[in-house]
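To start, the structure under review is shown below, and the notes come after it.
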Amino acid sequence: YSDDLGLYQRASEPFVRDRISFKCGRRCPCHGGVLLSFGYRGALDPVYLERGVPPSDFRASFGRRGARHCGSRHSQRLEQYAVQLRNRPADIWGSCISREIFNCCKNSGIGKYIFKQCPVLAYDKPVPVEVPEELSEFKNNAWRRRTMADSFARNGLEQLKAEHAKWLVVDFYDVICNMNEYKGGLFEVDDFIRKTAFYKGIESKCEPCYLFDKRTMQECRDAITRFAFDMMNLYGNNIVLIKADLKDCFVNLYKRIEKMDEDPYLERKREFIAYCEDLFINQTDCAVIDISKHFYASDKYPLGGARMVHYEHEFYREAGVFLAHILSGGKQRKFGGYARYGNDAENFFPCRSDEQQRQKYGAVNGSPPSFKSRRSAEIGQGGK
């Protein structure tokens, strides 16, 4: 390690460390620092590129002394990779569902990430709250403070109008998330937000609710129609929708299927998010990745364990293949199956209901059948 290796220092930031693996190499004869070899896993956040490291300056990141010598090969690769990312970035308006897919999407970068901003609320008046500047109010998380301030200000559309990428990836998970009503305005909450000092200061004035309890279906329809129109004005046909199937079962760390805690609103949430997704598709004729229905939730999900939309890793890997195909200009725009076997996915995926699973595989609340056993079961029933 050398203090001159600015790029190595930046890698200590979580959003970079998650997507770059480092291995120590031989020492540079110019200044004695350790040369590093870089391996990429999925997308590299452009926020990293925007922090003073444009492609032309990547060579300088390897060291202020002897930069030309130690950066000749590695910096050239980084320059090519950075240009590739800048040529094909995509914005996200959605949640961790869309964001995590980019970690498995080859040669794709992220532009703007509109987070915790429900599309149905995009045209509401800002929530009348003053967001403090002190990071201690947000558990010293600057990104969380900024995204909360943005969600209160309803400025997602303004951000995209100011500057946007060629493509937009969107999901509608935010429409069924936990919300609070504060001084007549709605905002989304999660476990992290509830633990912040900022939220605890206004909690007594907040009323927990869901969007479908505070808005009529006509209001939701009008907002999504307007949202679809604005997105088409910005991106044309370059829009990808990731459909979200809400789970009531998950695969635990011992690879056994368990039921989640009962959610009395689950069926209502499923109907509402499906309504919003289908309405958006009809309005935009966007590309669609609809494969989450073939997977369980998983306790191995790295950002919080099993939740109703924290899927098995295989989902993100397969969705990443499809998304890379779409962003690279591929002709197919509707995906509902499995990349390895095509769209005939029902032959290879676990069934949705317990009863279907019993009938087809003779098991429930047990180990999920492997792809091989699922295929064998189909072959035994006359499948190809």
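By order in the structure tokens, chains are A, B, ...; within a chain, residues start at 1; ligands start at 1, following the order shown.
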
Polymer residues at most 12 Å from Phe229 (chain A), only C-alpha atoms, same-chain spacing of 6 or more positions, as a list of chain:residue names: A:Leu157, A:Asp222, A:Ala223, A:Tyr235, A:Gly236, A:Asn237, A:Ile239, A:Leu279, A:Phe280, A:Ile281, A:Asn282, A:Gln283, A:Thr284, A:Asp285, A:Cys286

Every residue of region 91-264 of chain A that DSSP places in strand (DSSP E), as a VMD selection string: chain A and resid 91 to 94 109 to 115 167 to 170 179 to 182 185 to 188 207 to 209 239 to 242 249 to 251 257 to 259

Distance query region 312-319 of chain A at most 9 Å, only C-alpha atoms, self and fewer than 3 positions along chain excluded, as a PyMOL selection string: chain A and resi 97-98+100-105+242+250-251+289-292+294-301+322-324+335+338-340

Counting only C-alpha atoms, the option among A:Pro264, A:Phe227, A:Cys118, A:His310 closest to Cys249 (chain A): A:His310

d(CA of Lys255 (chain A), CA of Ala306 (chain A)) in Å: 12.5 Å

Which of region 174-366 of chain A fall in alpha helix (DSSP H), as a count of residues only: 76
